[in-house]
Structure formats: C-alpha cells, structure tokens
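Enquirer: Can you read through this structure? Questions will come right after.
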Amino acid sequence: MSYLGKALTLFLLGISLALAQIVEDIRVEGARYVPEDVIYGLINIKRGSLYSPDMVRESIRNMYRTGFFDEVEVYEERVGEKVILIYRVKDLPVIYKIEFVGNKKIKGDDLEKKIGIETEVGKIEAEEIIKGYTSSPAIEERLGIQRRLKLGRVLTREEMEFIKKKIIEAYAKEGYPDVEVEYELVPKKGASKLVYKIKEGEPSYVGSIHFKGNKSFKRGRLIDLMETKPVSLITFRFKPPFSEEVLKEDVKKLEDFYRSEGFLEAKVSYSVKKEGSRHEITINIEEGPRYRLDKLSIEGNTYFTYRELVGNVLKKNRGGFYRKEVINALKENIRLKYSELGFLNASVEEDIQVDREKKRVFVKLRIEEGEPVYINKLEVQGNYESRDYVIRREFRVQEGELANQKEIERSRTRIFNLGYYQDVSIEPFGGMGNRWDFLAKVSERFTGQFSVGLGYNQVTGVSGFVSLRKGNFLGTGDIAGISVSYGSKYKDNSLSYTRKWFLNKPIDLTGSIYDRRIEYTTYTVERTGVDFIFSREFAEYWRVGTGISIQRVRYSNIADNASPIIKEEAGTRQSRKLLFSLTRDTRDNYLFPTKGSLSELSYSVAVPVLGGSERFNKMVLSHQHFFKDTLLDTGLIVSLKGVVGAVEPYGGKRVPLDERFFVGGDFTIRGYKYGYAGPLDPNTNDPIGAKRQLILSAEANYPLYKNVLYGAVFYDTGLGFNDFKELKTQNLRGGFGVGIRFITPFAPIKLDWAFKTKKVPGDTSRSRIHFVLGVFF
C-alpha cells in the first residue's frame with residue numbers, strides 16, 4: 001500500500017472512532033423467574049464497550065436458544081454519544097409439576113407412563129422406566145424422554161409442544177383420533193405448574209378382525225400377537241380402541257412372526273371398513289412356501305461338543321422347519337453353557353444362507369469363546385435398611401473367583417428367598433479386561449408389617465387378626481413378630497424371634513411362645529407352650545434342625561354326641577417333645593416356584609420328662625417337585641407332591657387326637673371336608689384321625705395374565721389309615737378340579753373348585769369350594 005493509501009485508512013479509522021457510540025449501561029426488565037446474572041451472562045455485552053447492532057442481534061439469538069424466554073425486546077436510549085440498552089423479557093417459570101385436566105379415558109398415572117415423563121419433581125427415576133424390560137429402541141426412547149424432560153427446571157416451548165404431541169399420540173393409540181390438547185402455564189414462585197387441558201372427543205373402536213389366507217396358524221394365535229383386539233364378550237371387551245398406527249405395527253408384527261416361522265416370503269396387508277365409529281378390519285396374508293432347516297453347523301467350540309451345545313433345543317423344531325425362535329434358543333443355550341464355565345463374554349454370530357429354489361435354510365453359528373471372566377469387585381446397592389453382610393453372606397461367588405453364572409444366579413435366588421426384597425439383580429457394571437466388577441442391586445420391600453385383616457380356611461373359618469412382624473429386624477436379617485388372631489372358631493396369639501446366622505455361621509435360632517385354640521364341630525382344643533428350634537445349613541440346599549417343644553394341651557367343650565375317642569381326650573395334659581428335621585430346598589422362588597424341589601423329613605418324639613404325659617413317635621416325609629415347560633415355552637408350571645406319615649405310641653399310651661393325621665381338606669385332599677378322607681367314628685361319622693397317611697397330588701398352573709394370575713387343574717388322592725391292610729386302591733379317596741392362583745408379594749391366594757371321587761358318610765356333597773385367603777389393610 002502506498003503512503004497516501006495508509007494515510008487515508010488512518011484518517012477514516014479516526015473518523016469512525018470519533019463517531020462510535022459507547023454502551024453506557026445495560027438494563028433488564030420483566031424477568032420474573034430467570035436470575036438477572038444469568039441473563040447478563042447471555043447478553044455478553046460489557047458496559048463501556050463499543051455499541052454494535054450485530055452484537056445486540058447475537059445476544060437476542062443467545063437468549064432464545066436457551067428456551068427460557070417467550071419474548072425478548074431490546075430498546076435503545078441515546079444520551080449524546082452513549083447508548084443505554086434496555087432488554088425487556090418475558091421469561092418462563094421453573095416447572096415443578098404437570099397436571100392433566102379432562103382426561104377420563106386415560107388416568108393421570110397411566111398417561112404419565114405412556115408418555116414417559118414425570119409429573120412431579122423426583123416422582124420417577126430412570127431405572128423405573130426400564131425395570132422389567134429388555135433393552136430395545138422403544139425403551140431407549142422412553143429413557144431418553146425421561147432424562148430430557150426432568151422437572152425442577154424451565155421447560156421450553158418446544159418441550160411443552162413435545163409433551164402435547166405425546167399426549168395426542170397416546171390417545172390415538174387408545175382409539176381417540178380427534179383428541180384436542182391445549183396447555184397453560186400457571187406460574188407460582190417455587191411451585192409453578194404446567195396444565196394440559198384435554199378434550200378427548202368420540203372414540204373409534206374395532207368391531208371385528210377377519211383373517212384371509214392364514215392356513216398354518218389359527219386366528220386366535222394371530223390375535224394374541226396383535227395389540228389391536230376385536231370385540232369379545234367373554235373378556236368384557238365391548239369397544240376395543242382402534243388406532244391405524246397401532247394396526248400398522250400389528251401388521252409388521254404378523255409379517256415378522258410368519259418369517260420367523262420359516263415363511264420367508266410371507267406378505268401381510270390390511271384393509272379397514274369404517275361404519276361410523278366402528279371399524280371392520282381385514283388382514284390379508286400371503287404365506288408363501290415354508291422353508292426347512294436343512295443344516296445347522298457350529299464353529300469355534302473347543303470346550304463343548306456339538307451335542308452338548310444343542311441339547312434338547314432342536315426338539316422344539318417341529319416338522320424340521322426353519323424357526324427363528326429355535327435358533328435364538330440355541331444361541332442362548334450356548335451362551336448359558338459357556339457362562340457356567342465363567343466365559344461371560346462368549347459371543348455367538350449367526351450366518352444364514354437361503355436356497356430360494358429348494359426352499360431351504362442353512363444356519364452356521366460361529367462362537368467367539370473369549371477368555372474366562374473373574375470377579376474384581378462385588379458391590380451391593382439399594383440396601384437402605386439391610387446391612388451389607390445380610391446380603392453378602394448369601395453370595396456363592398466372591399471377589400477374585402471365577403464368575404460362574406450358575407453360582408451368580410444361585411446367589412440371586414438365595415437373596416430373594418430371604419423374603420426381604422421384592423427384586424434382586426446381580427449384573428456386571430465395569431472392570432478391565434477379564435476382571436469385571438459386579439453390582440448386586442436389591443429393592444427392599446416393607447419388612448415391617450403391621451397387618452389388620454381377615455383370613456379364611458376350611459378348618460378355622462373366618463378369623464380376624466392383628467399382626468406386627470419385623471423381618472430383617474434392625475437390618476440384621478433377624479425376624480421378630482407378635483400376632484393376635486381371633487375368630488368364631490379360632491385363636492392364635494404368638495410372640496417369636498429368629499436369630500439368623502448365629503455366631504456368623506449358617507445357623508438359625510428360633511424361640512416362640514404361643515397360645516392357640518381351635519373349635520371343631522364336637523370339641524375344642526387349646527395349646528399353650530414354648531418352642532426352641534436350632535437349625536443349620538450344612539451344605540448347599542440342605543438344612544438340618546433340632547429343638548424342643550413344651551406345651552400344655554387342654555380338650556374342652558366336648559359334645560355329648562362326640563366320638564368316644566374324642567371323649568377320652570377330655571381334660572388337660574402336659575406335652576414335652578424333641579424335634580428333628582431335615583430339609584432340601586432347590587426352589588427358585590419360595591412364594592410361587594417354577595422349578596426345583598422341596599423335600600422335608602420331620603420327626604418328633606414325646607418323652608415323659610419334666611411332667612410330660614405323652615409318649616409317641618411321629619414321622620412325616622414329603623417331597624414336592626416343580627417343572628416349567630421348556631419344550632414349547634407355554635409358561636405352564638407342573639407340580640407333583642407326595643406325603644407319607646406315621647405316628648405310633650409307646651409305653652402303653654395312646655396317640656393324642658391332635659397328633660393324628662386328618663386327611664382331607666384345603667391342604668391334603670381337596671373335595672373333602674377336613675379329616676373326611678380318613679377314619680370316621682362309626683356312630684357319629686366324625687373324623688377321628690389316623691396313625692398313617694398317604695397323599696399324592698398333581699397340579700398344573702397356566703399363566704392367564706403375565707405372572708400374576710394363573711389357572712389351575714389338579715388331582716389329589718390318598719388316604720388316612722391305621723393299618724396297611726386298609727391301603728388298597730378301592731379305598732383311596734380322590735379329588736380333582738380347577739382353580740385360580742393370584743400371586744401377591746406375600747403369598748398366593750388360592751380358590752379351588754374340587755370334586756370328590758367317592759362320597760363318604762358325613763360328607764355327601766359331590767363338590768366343594770376351597771378358599772385360602774389373607775387380606776391386608
């Protein structure tokens with residue numbers, strides 16, 4: 001540049017500096033919720049700096065980007081060569097609560113879950129969103145929404161509109177396509193809320209669903225796969241919601257199902273005929289040819305043979321067709337086999353080749369075995385009441401050991417079966433190389449129970465109770481309880497305490513004091529006493545126990561027409577018993593087992609010491625086994641049970657009436673009244689108990705709704721008898737029937753309708769309802 005050019009540039013710069021205006025002050029007006037220091041930070045213009053319209057425009061953009069403001073206006077006041085900038089804003093409040101108004105079809109809590117947001121600060125944790133679900137795009141989306149729309153902060157207009165959109169989508173899936181949603185901000189310092197006003201409109205519903213072309217699968221099977229349902233009087237589905245979006249998803253599900261069953265060329269379409277609000281749906285299916293599984297090969301397996309990895313999985317493959325479900329089950333079986341050796345990172349890749357000409361499928365599974373995984377750290381989380389050692393002493397794997405999945409699962413089962421937790425998981429959460437960290441996460445249930453309610457069974461009838469029971473007492477795992485129960489025929493007052501892991505060994509010490517009374521038809525029996533029980537786990541699944549029982553027994557209110565055997569019991573006697581037990585328990589769930597077994601041997605001997613007047617030996621052996629259908633994966637649970645028992649007096653005494661076996665009733669042979677499947681008094685037809693018992697039972701439970709409601713069929717048979725000569729096929733009593741099982745966090749509620757195979761004197765009804773129930777308030 002020439003000297004003249006440089007001089008001109010300096011001259012112009014000097015003029016511009018002389019004409020430039022200085023920002024004298026910056027003021028903010030109208031801010032109600034966003035702190036002013038935050039706003040000044042967004043403006044990013046300093047007092048004393050040169051005024052620039054571009055910088056003002058940039059500051060406005062910065063403020064709108066935050067979503068904190070509905071309106072931003074900037075005014076200038078000029079004082080000579082100085083400028084005062086005035087920012088007038090309309091900011092949005094911090095939202096602490098979301099409310100729904102006008103929502104009758106979808107309740108607030110349900111709408112909250114469908115949208116995937118919290119309606120109050122801290123109401124939903126992210127873990128609750130995904131609990132019980134396998135990771136999937138839909139679950140990840142719900143999790144993302146929850147993390148994005150946490151309350152306790154400013155919600156932008158965009159986020160408010162997003163919630164509105166989700167509400168409309170939720171209603172559309174429930175068959176309300178014309179729903180209208182508006183929202184209103186109700187500002188209040190420290191408690192602002194966002195109210196969504198919903199006008200639901202008229203519902204659209206499904207009339208019927210017709211299938212065309214479904215040759216291989218029945219209509220019911222296909223309906224079960226769909227979220228869209230037809231009218232059904234049996235299930236009280238009178239106006240099932242219609243949503244075209246849901247129907248499109250259902251069609252995709254049907255097509256995926258057909259292809260997973262080997263119909264690789266299947267095509268599914270639909271048509272809808274609308275009659276007012278009613279929609280008639282037709283599903284058109286082109287099944288096409290079904291492909292066969294021609295060859296299955298496995299590569300990379302050095303620890304297991306082909307037969308060991310395949311096991312019984314291919315038996316599910318009915319007809320030899322290609323089925324995705326079978327291949328997935330096989331891959332899972334392979335991962336399970338390797339996990340039991342500690343190879344938790346073993347992976348299975350699937351290579352499928354299709355011969356469309358011959359309609360055959362070739363499947364090759366490639367195994368990447370990896371290396372054994374060891375436990376680096378084993379942490380416990382969620383035990384706000386329980387002390388760490390209550391959980392850690394149940395672990396069957398420890399830090400530094402091989403991460404054997406079978407032992408990890410056993411640890412989970414043992415912790416759950418303590419009864420203190422409603423959910424238990426043990427999962428890897430970090431680590432390096434082949435040394436992984438594991439987290440045992442528990443969700444504690446309320447182990448302190450103050451219960452007031454009603455109970456019912458066939459023996460005691462209806463009774464009311466008040467119970468205070470504290471499991472996991474002071475977080476130690478001990479159990480303390482006091483119970484007061486009264487009914488028209490029943491009394492049971494007790495005080496008990498169980499010390500778990502006495503001397504830091506798997507030893508339980510239990511002491512109990514009780515006062516009980518049961519009124520039978522022709523007599524009343526009362527027992528007051530104290531028990532001390534010592535039990536020890538001496539091997540995995542095995543426990544042995546011993547103890548003493550000191551009781552006072554009284555028979556009263558004996559009717560004139562009572563059996564002579566009952567009349568002989570009149571009065572008070574003293575009972576002193578030594579108790580022994582042996583138990584093997586491999587059940588996966590103590591409340592409602594689906595697999596495993598329970599074997600119990602109990603032996604008691606009444607001895608004439610410390611004033612005892614009874615002399616007898618009593619032994620009971622029982623075994624119950626549980627099976628879950630793994631062949632067809634129907635969810636069916638089968639249980640088989642057998643019980644034998646014998647009681648014999650010694651020293652010239654007789655067997656006390658209440659130590660005899662009363663076979664028949666809720667817990668032995670259903671269909672019969674209590675004790676009526678055993679000996680009866682020939683004159684009064686009253687049950688008088690037996691010295692021997694044999695009970696066999698088979699029951700099948702099928703899930704009707706998730707894992708909460710089951711339908712049952714059962715058959716019980718057996719006999720109470722005094723002499724083995726009586727144990728003949730023609731003398732056996734039997735009962736069969738159907739029932740319902742409702743699984744609660746405390747115990748199953750059972751309702752059975754049983755029919756007896758033989759009528760007996762005093763119990764001539766052909767069928768009987770058996771109801772075992774505990775209601776808590």
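Ligands are numbered from 1 in the order shown, residues from 1 within each chain, and chains are lettered A, B, ... in the order they appear in the structure tokens.
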Fewer than 2 positions away in the same chain doesn't count, so skip those; otherwise give me all residues within 10 Å of Pro372 of chain A, counting only C-alpha atoms, as a VMD selection string.

Expert: chain A and resid 338 to 339 341 to 346 369 to 370 374 402 to 404 434 to 435

Enquirer: For Asn417 of chain A, list every protein, DNA or RNA residue within 7 Å, evaluated using only C-alpha atoms, and leave out those in the same chain fewer than 2 positions away; present the list as JSON, numbers by chain.

Expert: {"A": [413, 414, 415, 419, 589, 590]}

Enquirer: Report as number ranges by chain all protein, DNA and RNA residues lying within 10 Å of segment 300-307 of chain A, evaluated on only C-alpha atoms, omitting residues in the same chain fewer than 6 positions from it.

Expert: A: 334, 337-338, 341, 348, 365-369

Enquirer: So that I have them on file, write out the residues from the current selection with N, CA, C and O atoms, as a PDB file, in the first residue's frame.

Expert:
```
ATOM      1  N   ILE A 334     -26.158 -71.868  24.165  1.00  0.00           N
ATOM      2  CA  ILE A 334     -24.697 -71.840  24.016  1.00  0.00           C
ATOM      3  C   ILE A 334     -24.092 -70.827  24.978  1.00  0.00           C
ATOM      4  O   ILE A 334     -23.119 -71.117  25.689  1.00  0.00           O
ATOM      5  N   LYS A 337     -24.224 -72.221  28.508  1.00  0.00           N
ATOM      6  CA  LYS A 337     -23.213 -73.250  28.750  1.00  0.00           C
ATOM      7  C   LYS A 337     -21.855 -72.612  29.044  1.00  0.00           C
ATOM      8  O   LYS A 337     -21.160 -72.998  29.990  1.00  0.00           O
ATOM      9  N   TYR A 338     -21.481 -71.654  28.246  1.00  0.00           N
ATOM     10  CA  TYR A 338     -20.178 -71.013  28.429  1.00  0.00           C
ATOM     11  C   TYR A 338     -20.146 -70.161  29.700  1.00  0.00           C
ATOM     12  O   TYR A 338     -19.118 -70.077  30.377  1.00  0.00           O
ATOM     13  N   LEU A 341     -19.044 -71.792  32.786  1.00  0.00           N
ATOM     14  CA  LEU A 341     -17.599 -72.002  32.916  1.00  0.00           C
ATOM     15  C   LEU A 341     -16.858 -70.690  33.167  1.00  0.00           C
ATOM     16  O   LEU A 341     -15.639 -70.672  33.238  1.00  0.00           O
ATOM     17  N   VAL A 348     -21.983 -65.343  20.085  1.00  0.00           N
ATOM     18  CA  VAL A 348     -22.424 -66.264  19.030  1.00  0.00           C
ATOM     19  C   VAL A 348     -22.912 -65.444  17.851  1.00  0.00           C
ATOM     20  O   VAL A 348     -23.870 -64.672  17.972  1.00  0.00           O
ATOM     21  N   LEU A 365     -23.442 -71.207  13.092  1.00  0.00           N
ATOM     22  CA  LEU A 365     -23.210 -70.426  14.301  1.00  0.00           C
ATOM     23  C   LEU A 365     -21.718 -70.409  14.596  1.00  0.00           C
ATOM     24  O   LEU A 365     -21.089 -71.464  14.734  1.00  0.00           O
ATOM     25  N   ARG A 366     -21.175 -69.202  14.676  1.00  0.00           N
ATOM     26  CA  ARG A 366     -19.748 -69.053  14.967  1.00  0.00           C
ATOM     27  C   ARG A 366     -19.595 -68.556  16.407  1.00  0.00           C
ATOM     28  O   ARG A 366     -20.148 -67.523  16.773  1.00  0.00           O
ATOM     29  N   ILE A 367     -18.840 -69.312  17.196  1.00  0.00           N
ATOM     30  CA  ILE A 367     -18.655 -68.980  18.603  1.00  0.00           C
ATOM     31  C   ILE A 367     -17.294 -68.315  18.807  1.00  0.00           C
ATOM     32  O   ILE A 367     -16.268 -68.832  18.380  1.00  0.00           O
ATOM     33  N   GLU A 368     -17.319 -67.165  19.450  1.00  0.00           N
ATOM     34  CA  GLU A 368     -16.099 -66.495  19.885  1.00  0.00           C
ATOM     35  C   GLU A 368     -16.036 -66.702  21.394  1.00  0.00           C
ATOM     36  O   GLU A 368     -16.729 -66.031  22.157  1.00  0.00           O
ATOM     37  N   GLU A 369     -15.221 -67.668  21.813  1.00  0.00           N
ATOM     38  CA  GLU A 369     -15.247 -68.084  23.209  1.00  0.00           C
ATOM     39  C   GLU A 369     -14.702 -67.029  24.166  1.00  0.00           C
ATOM     40  O   GLU A 369     -15.165 -66.899  25.299  1.00  0.00           O
TER      41      GLU A 369
END
```

Enquirer: Kindly indicate which residue among A:Glu280, A:Asp91, A:Glu261, A:Glu540 lies nearest to Phe321 of chain A, using only C-alpha atoms for the distances.

Expert: A:Glu261

Enquirer: Go ahead and compute the interatomic distance for atom CA of Glu379 of chain A and atom CA of Asp437 of chain A, in Å to one decimal.

Expert: 7.8 Å

Enquirer: Could you tell me which of A:Leu657, A:Phe592, A:Val647, A:Asp492 comes closest to Pro748 of chain A if we count only C-alpha atoms?

Expert: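 Nearest candidate to Pro748 of chain A out of A:Leu657, A:Phe592, A:Val647, A:Asp492: A:Phe592.
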
Enquirer: Take atom CA of Lys491 of chain A and atom CA of Ile513 of chain A and report the distance between them in Å, one decimal.

Expert: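 Value for the atom CA of Lys491 of chain A-atom CA of Ile513 of chain A distance: 13.9 Å.
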
Enquirer: Separation of atom CA of Leu636 of chain A and atom CA of Ile743 of chain A, in Å?

Expert: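 Atom CA of Ile743 of chain A lies 15.0 Å from atom CA of Leu636 of chain A.
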
Enquirer: Using DSSP on the backbone coordinates, identify the residues of segment 102-348 of chain A assigned to strand (DSSP E or B); present them as an NGL selection string.

Expert: :A and (120 or 153-154 or 180-186 or 192-199 or 205-212 or 232 or 237 or 241 or 267-275 or 278-286 or 292-299 or 321 or 347-348)

Enquirer: Could you name the residues that touch Phe742 of chain A at 7 Å or less, counting only C-alpha atoms, but leaving out those on the same chain fewer than 2 positions away, as a list in words?

Expert: Val708, Leu709, Tyr710, Ile740, Thr744, Pro748, Ile749 and Lys750 of chain A

Enquirer: Compare A:Glu174, A:Glu401, A:Glu394, A:Asp716 by their minimum atom-to-atom distance to Val738 of chain A, counting only C-alpha atoms, and give me the closest one.

Expert: A:Asp716

Enquirer: Would you return as a PyMOL selection string the members of segment 318-491 of chain A that DSSP assigns to alpha helix (DSSP H) on this structure's backbone?

Expert: chain A and resi 324-339+388-392+405-416
